[in-house]
file structure22.txt (compact mmCIF, C-alpha atoms)
# COMPACT_ATOMS: atom_id res chain seq x y z
CA MET V 269 78.11 178.65 14.80
CA GLN V 270 74.51 179.74 14.32
CA GLU V 271 72.24 179.83 17.37
CA ARG V 272 70.04 176.99 16.09
CA ASP V 273 73.16 174.83 15.46
CA ALA V 274 74.27 175.47 19.04
CA ALA V 275 70.81 174.40 20.23
CA LEU V 276 71.10 171.18 18.21
CA LEU V 277 74.54 170.55 19.70
CA GLY V 278 73.00 170.82 23.18
CA LYS V 279 70.23 168.38 22.21
CA LEU V 280 72.76 165.87 20.82
CA ALA V 281 74.73 165.98 24.05
CA ARG V 282 71.55 165.47 26.12
CA TRP V 283 70.54 162.38 24.10
CA ARG V 284 73.89 160.72 24.60
CA ALA V 285 73.53 159.63 28.26
CA PRO V 286 70.11 157.87 27.97
CA LEU V 287 71.21 156.25 24.71
CA GLY V 288 74.42 155.05 26.37
CA ILE V 289 72.43 153.49 29.24
CA ALA V 290 70.06 151.82 26.74
CA LEU V 291 73.09 150.52 24.81
CA ALA V 292 74.66 149.02 27.95
CA LEU V 293 71.38 147.29 28.93
CA LEU V 294 70.75 146.03 25.41
CA SER V 295 74.32 144.69 25.20
CA ALA V 296 73.77 142.60 28.35
CA VAL V 297 70.48 141.17 27.01
CA TYR V 298 72.09 140.57 23.60
CA ALA V 299 75.02 138.66 25.15
CA TRP V 300 72.60 136.51 27.14
CA THR V 301 70.33 135.70 24.17
CA VAL V 302 73.32 134.79 21.93
CA TRP V 303 74.83 132.63 24.67
CA SER V 304 71.55 130.76 25.29
CA ALA V 305 70.50 130.51 21.61
CA PRO V 306 70.15 126.95 20.29
CA ILE V 307 73.14 125.40 18.52
CA ASP V 308 72.50 124.94 14.81
CA SER V 309 72.40 121.23 13.91
CA THR V 310 74.26 121.73 10.58
CA GLN V 311 76.84 124.47 11.24
CA GLY V 312 77.31 124.22 15.00
CA VAL V 313 78.32 127.20 17.17
CA ILE V 314 79.79 129.18 14.26
CA GLN V 315 76.23 129.83 13.03
CA LYS V 316 75.92 132.30 15.97
CA ILE V 317 77.97 134.76 13.88
CA LEU V 318 74.62 135.29 12.12
CA TYR V 319 73.50 137.39 15.12
CA VAL V 320 76.26 139.95 14.54
CA HIS V 321 77.17 139.89 10.83
CA PRO V 322 73.86 141.03 9.19
CA PRO V 323 73.19 143.74 11.86
CA LEU V 324 76.66 145.13 11.07
CA ALA V 325 75.73 145.16 7.38
CA TYR V 326 72.50 147.09 8.13
CA GLY V 327 74.55 149.59 10.18
CA ALA V 328 76.95 150.06 7.26
CA TYR V 329 74.07 150.65 4.83
CA LEU V 330 72.45 153.08 7.27
CA GLY V 331 75.69 155.03 7.68
CA PHE V 332 76.08 155.43 3.91
CA VAL V 333 72.41 156.42 3.54
CA LEU V 334 72.97 159.07 6.24
CA THR V 335 75.93 160.34 4.21
CA ALA V 336 73.64 160.71 1.19
CA ILE V 337 70.87 162.38 3.23
CA GLY V 338 73.36 164.76 4.88
CA GLY V 339 74.90 165.52 1.47
CA ALA V 340 71.53 166.14 -0.17
CA LEU V 341 70.42 168.44 2.66
CA TYR V 342 73.75 170.28 2.44
CA LEU V 343 73.29 170.84 -1.31
CA TRP V 344 69.75 172.07 -0.68
CA LYS V 345 70.12 174.16 2.50
CA GLU V 346 73.89 174.89 2.38
CA ARG V 347 74.13 174.51 6.15
CA GLU V 348 77.43 173.13 7.38
CA LEU V 349 75.81 170.87 9.96
CA TRP V 350 74.35 168.62 7.24
CA ASP V 351 77.81 168.16 5.74
CA GLN V 352 79.03 167.28 9.24
CA LEU V 353 76.26 164.66 9.52
CA ALA V 354 77.40 163.22 6.17
CA VAL V 355 80.97 162.84 7.48
CA ALA V 356 79.72 161.19 10.70
CA GLY V 357 77.57 158.73 8.72
CA ALA V 358 80.46 157.81 6.41
CA GLU V 359 82.94 157.20 9.23
CA VAL V 360 80.59 155.08 11.34
CA GLY V 361 79.39 153.31 8.18
CA VAL V 362 82.97 152.42 7.22
CA ILE V 363 83.63 151.05 10.71
CA PHE V 364 80.49 148.88 10.55
CA CYS V 365 81.36 147.82 6.98
CA THR V 366 84.90 146.87 8.10
CA LEU V 367 83.52 144.78 10.96
CA MET V 368 81.06 143.15 8.56
CA MET V 369 84.00 142.25 6.30
CA VAL V 370 85.91 140.80 9.26
CA THR V 371 83.07 138.74 10.78
CA GLY V 372 81.96 137.40 7.35
CA PRO V 373 85.34 135.83 6.46
CA ILE V 374 85.63 134.38 10.00
CA TRP V 375 82.33 132.57 9.37
CA ALA V 376 83.48 131.62 5.84
CA LYS V 377 86.76 130.13 7.11
CA GLY V 378 84.88 127.91 9.55
CA THR V 379 82.13 126.97 7.08
CA TRP V 380 83.58 127.10 3.54
CA GLY V 381 87.14 126.35 4.63
CA HIS V 382 88.60 129.57 3.16
CA TRP V 383 88.50 133.22 4.20
CA TRP V 384 87.43 134.83 0.95
CA SER V 385 85.72 134.11 -2.36
CA TRP V 386 85.24 136.51 -5.27
CA ASP V 387 81.53 135.97 -4.92
CA PRO V 388 79.34 138.86 -6.28
CA ARG V 389 78.14 139.91 -2.79
CA LEU V 390 81.63 139.86 -1.28
CA THR V 391 83.16 141.68 -4.24
CA LEU V 392 80.49 144.40 -4.21
CA THR V 393 80.86 144.80 -0.43
CA LEU V 394 84.59 145.34 -0.88
CA LEU V 395 83.82 147.91 -3.58
CA LEU V 396 81.33 149.65 -1.26
CA TRP V 397 84.01 149.78 1.45
CA PHE V 398 86.52 151.31 -0.99
CA VAL V 399 83.99 153.92 -2.16
CA TYR V 400 83.35 155.20 1.38
CA ALA V 401 86.94 154.76 2.60
CA SER V 402 87.86 156.99 -0.38
CA TYR V 403 85.18 159.48 0.74
CA LEU V 404 86.89 159.69 4.15
CA LEU V 405 90.33 160.04 2.51
CA LEU V 406 88.94 162.84 0.34
CA ARG V 407 87.65 164.62 3.44
CA GLY V 408 90.86 163.97 5.36
CA PHE V 409 93.30 165.13 2.69
CA THR V 410 91.50 168.29 1.58
CA GLU V 411 91.30 171.55 3.46
CA GLY V 412 87.52 171.55 3.57
CA GLY V 413 85.34 174.42 2.51
CA ALA V 414 82.16 174.62 0.48
CA ARG V 415 83.64 173.24 -2.74
CA THR V 416 84.90 170.03 -1.08
CA ALA V 417 81.61 169.63 0.78
CA ARG V 418 79.62 169.97 -2.46
CA PHE V 419 81.83 167.45 -4.28
CA ALA V 420 81.64 165.04 -1.33
CA ALA V 421 77.84 165.41 -1.23
CA VAL V 422 77.50 164.38 -4.88
CA TYR V 423 80.02 161.56 -4.41
CA GLY V 424 78.14 160.30 -1.32
CA LEU V 425 74.82 160.43 -3.18
CA LEU V 426 76.21 158.43 -6.11
CA GLY V 427 77.81 155.90 -3.75
CA THR V 428 74.42 154.85 -2.38
CA LEU V 429 73.54 153.41 -5.79
CA LEU V 430 75.74 150.47 -4.78
CA ILE V 431 73.58 149.66 -1.73
CA PRO V 432 70.51 148.13 -3.47
CA LEU V 433 72.85 146.39 -5.92
CA ASN V 434 74.84 144.98 -2.99
CA TYR V 435 71.66 143.80 -1.24
CA PHE V 436 69.90 142.24 -4.23
CA VAL V 437 72.96 140.86 -6.09
CA ILE V 438 72.31 137.36 -4.71
CA GLU V 439 68.84 137.33 -6.27
CA LEU V 440 70.29 138.71 -9.52
CA PHE V 441 72.75 135.79 -9.70
CA GLN V 442 69.94 133.28 -9.00
CA GLY V 443 71.66 130.60 -6.95
CA ARG V 444 75.13 131.04 -8.48
CA ALA V 445 76.36 133.15 -5.52
CA MET V 446 78.24 131.47 -2.65
CA HIS V 447 77.02 133.93 -0.03
CA PRO V 448 73.88 132.69 1.78
CA GLU V 449 70.59 134.26 0.65
CA ASN V 450 69.16 137.36 2.34
CA LEU V 451 67.15 136.56 5.48
CA GLU V 452 63.39 136.52 5.12
CA ARG V 453 60.53 136.06 7.57
CA GLY V 454 60.57 132.47 8.80
CA SER V 455 64.07 131.66 7.49
CA LEU V 456 65.51 131.46 11.04
CA GLY V 457 65.15 128.28 13.11
CA ASP V 458 63.24 127.98 16.41
CA GLY V 459 64.72 130.17 19.16
CA MET V 460 66.94 132.09 16.72
CA GLY V 461 64.60 135.06 16.22
CA TRP V 462 65.23 136.68 19.64
CA PRO V 463 69.02 136.77 19.48
CA PHE V 464 68.79 138.11 15.93
CA LEU V 465 66.33 140.83 17.02
CA CYS V 466 68.52 141.72 20.03
CA GLY V 467 71.57 141.87 17.74
CA ASN V 468 69.80 144.31 15.45
CA LEU V 469 68.54 146.50 18.33
CA THR V 470 71.91 146.56 20.11
CA LEU V 471 73.96 147.31 17.04
CA PHE V 472 71.44 149.95 15.95
CA ALA V 473 71.80 151.59 19.39
CA ALA V 474 75.61 151.39 19.04
CA PHE V 475 75.35 152.90 15.56
CA ALA V 476 73.12 155.77 16.75
CA TYR V 477 75.41 156.42 19.75
CA CYS V 478 78.51 156.56 17.54
CA VAL V 479 76.84 158.82 14.95
CA LEU V 480 75.61 161.26 17.62
CA MET V 481 79.07 161.48 19.17
CA ARG V 482 80.84 161.79 15.82
CA TRP V 483 78.41 164.46 14.62
CA GLU V 484 78.85 166.44 17.83
CA LEU V 485 82.62 166.10 17.49
CA GLU V 486 82.57 167.41 13.91
CA MET V 487 80.38 170.37 14.93
CA ARG V 488 82.62 171.27 17.87
CA ARG V 489 85.77 171.04 15.70
CA ALA V 490 84.24 173.38 13.12
CA TRP V 491 83.10 175.77 15.83
CA LEU V 492 86.58 175.89 17.41
CA ALA V 493 88.19 176.39 13.97
CA ASP V 494 85.77 179.28 13.24
CA ARG V 495 86.49 180.84 16.62
CA ALA V 496 90.27 180.52 16.15
CA GLU V 497 89.96 182.14 12.70
CA ALA V 498 87.82 184.96 14.10
CA LEU V 499 90.35 185.57 16.89
CA SER V 500 93.33 185.58 14.55
CA GLY V 501 91.43 187.86 12.12
CA GLY V 502 90.53 190.20 14.96
CA GLY V 503 94.13 190.39 16.14
CA ALA V 504 95.52 191.20 12.67
CA VAL R 219 83.60 127.92 19.02
CA SER R 220 86.78 130.00 18.73
CA TYR R 221 85.67 131.47 15.37
CA ALA R 222 82.39 132.72 16.88
CA ILE R 223 84.16 134.12 19.95
CA ALA R 224 86.71 135.88 17.72
CA ALA R 225 83.92 137.51 15.65
CA TYR R 226 82.12 138.84 18.74
CA ALA R 227 85.34 139.89 20.52
CA ILE R 228 86.63 141.86 17.51
CA THR R 229 83.26 143.61 17.07
CA ALA R 230 82.90 144.48 20.76
CA LEU R 231 86.49 145.68 21.20
CA THR R 232 86.42 147.79 18.03
CA LEU R 233 83.15 149.52 18.93
CA VAL R 234 84.15 150.08 22.57
CA GLY R 235 87.55 151.40 21.45
CA TYR R 236 85.95 153.74 18.90
CA ILE R 237 83.45 155.08 21.47
CA ALA R 238 86.31 155.60 23.95
CA LEU R 239 88.31 157.54 21.33
CA LEU R 240 85.31 159.74 20.46
CA SER R 241 84.64 160.40 24.17
CA ARG R 242 88.24 161.39 24.79
CA GLU R 243 88.28 163.72 21.80
CA LEU R 244 84.97 165.30 22.83
CA ARG R 245 86.27 165.88 26.37
CA ARG R 246 89.41 167.48 24.93
CA LEU R 247 87.40 169.78 22.66
CA LYS R 248 84.99 170.72 25.44
CA GLY R 249 88.01 171.71 27.49
CA GLY R 250 88.97 174.04 24.66
CA CYS R 251 85.48 175.57 24.33
call {"tool": "encode", "arguments": {"input": "structure22.txt", "output": "structure tokens"}}
result
Amino acid sequence: MQERDAALLGKLARWRAPLGIALALLSAVYAWTVWSAPIDSTQGVIQKILYVHPPLAYGAYLGFVLTAIGGALYLWKERELWDQLAVAGAEVGVIFCTLMMVTGPIWAKGTWGHWWSWDPRLTLTLLLWFVYASYLLLRGFTEGGARTARFAAVYGLLGTLLIPLNYFVIELFQGRAMHPENLERGSLGDGMGWPFLCGNLTLFAAFAYCVLMRWELEMRRAWLADRAEALSGGGA
Amino acid sequence: VSYAIAAYAITALTLVGYIALLSRELRRLKGGC
């Protein structure tokens, strides 16, 4: 590991404790605001899933964008730590995407009466999940190295093309999609803005915390593998 | 109500479980450093 990478590793570890405390505090406020949020007159309590489902979607998008940024920086700078950031973004993004695809159908079952519909947004979200789950499989089943990292970087960059399509597909289908429209300023009822804001802040903090830990983990694994290789090479 | 509780419980348990796994793995690797 280069000296500047070791310095970054130290910084990541130092950020973790304050971020963890912020996450714990935010979680308590978030729970309180969701609990005390007004009950929607049309949907009832199930509408409160709105305070968790879209923030999970933003986390998933952010994870996949990080994968693209990490991949692009790796292709440009050829420093392993950017490839490690790409892996961290993909894994956390897939977890957030999975949770989005679990909370969405729970809401759909209670509101539409069925778990799933081959609606354009739902179908594209499933495709997005498969694209990044495949990215993780690719990373898990190959031995690593520069060639895999380069291929994964290009794959991760191309995958992000699905994100704007996934977000704007409801507008493209102009009212023919089953999924509710994207939230806009003023589209939430009275008293629903705070829990939604708290949901976004808390899940963003959770996302950042997970990415920092996963990135640090990937860097430490690579460092240990390098050290083991150096030791075995030295002993030969 | 149970649908909403299920959505929040699954999200919270998954994220807490994932963070716990990452922490354990980091501790293990730090022990090896």
call {"tool": "closest_residue", "arguments": {"input": "structure22.txt", "among": "V:Gly408, V:Gly278, V:Gly501, V:Gly372", "to": "His447 in chain V", "atoms": "all atoms listed in the file"}}
result
V:Gly372
call {"tool": "closest_residue", "arguments": {"input": "structure22.txt", "among": "V:Leu425, V:Val320, V:Ala325, V:Leu291", "to": "chain R", "atoms": "only C-alpha atoms"}}
result
V:Val320
call {"tool": "residues_around", "arguments": {"input": "structure22.txt", "residues": "Tyr236 in chain R", "least_positions_apart": "5", "cutoff": "10 Å", "atoms": "all atoms listed in the file", "output": "list in words"}}
result
Val360, Ile363 and Cys478 of chain V; Ala230, Leu231, Ser241 and Arg242 of chain R
call {"tool": "atom_distance", "arguments": {"input": "structure22.txt", "atom1": "CA of Ala227 in chain R", "atom2": "CA of His382 in chain V"}}
result
20.5 Å
call {"tool": "atom_distance", "arguments": {"input": "structure22.txt", "atom1": "CA of Ile431 in chain V", "atom2": "CA of Leu396 in chain V"}}
result
7.8 Å
call {"tool": "interface_residues", "arguments": {"input": "structure22.txt", "of": "chain R", "to": "chain V", "cutoff": "9 Å", "atoms": "only C-alpha atoms", "output": "PyMOL selection string"}}
result
chain R and resi 219-226+228-229+232-233+236-237+240-241+243-244+247-248+250-251
call {"tool": "atom_distance", "arguments": {"input": "structure22.txt", "atom1": "CA of Ala281 in chain V", "atom2": "CA of Leu343 in chain V"}}
result
25.9 Å
call {"tool": "residues_around", "arguments": {"input": "structure22.txt", "residues": "Ala290 in chain V", "least_positions_apart": "2", "cutoff": "12 Å", "atoms": "all atoms listed in the file", "output": "count of residues only"}}
result
21
call {"tool": "closest_residue", "arguments": {"input": "structure22.txt", "among": "V:Ala328, V:Ile337, V:Thr310, V:Tyr435", "to": "Ala401 in chain V", "atoms": "all atoms listed in the file"}}
result
V:Ala328
call {"tool": "residues_near_point", "arguments": {"input": "structure22.txt", "point": "(75.2, 162.2, 4.6)", "cutoff": "12 Å", "atoms": "all atoms listed in the file", "output": "number ranges by chain"}}
result
V: 329-343, 348-361, 400, 403-404, 417-418, 420-428, 479, 483
call {"tool": "residues_around", "arguments": {"input": "structure22.txt", "residues": "Asn450 in chain V", "least_positions_apart": "5", "cutoff": "9 Å", "atoms": "all atoms listed in the file", "output": "list in words"}}
result
Tyr435, Phe436, Ile438 and Glu439 of chain V
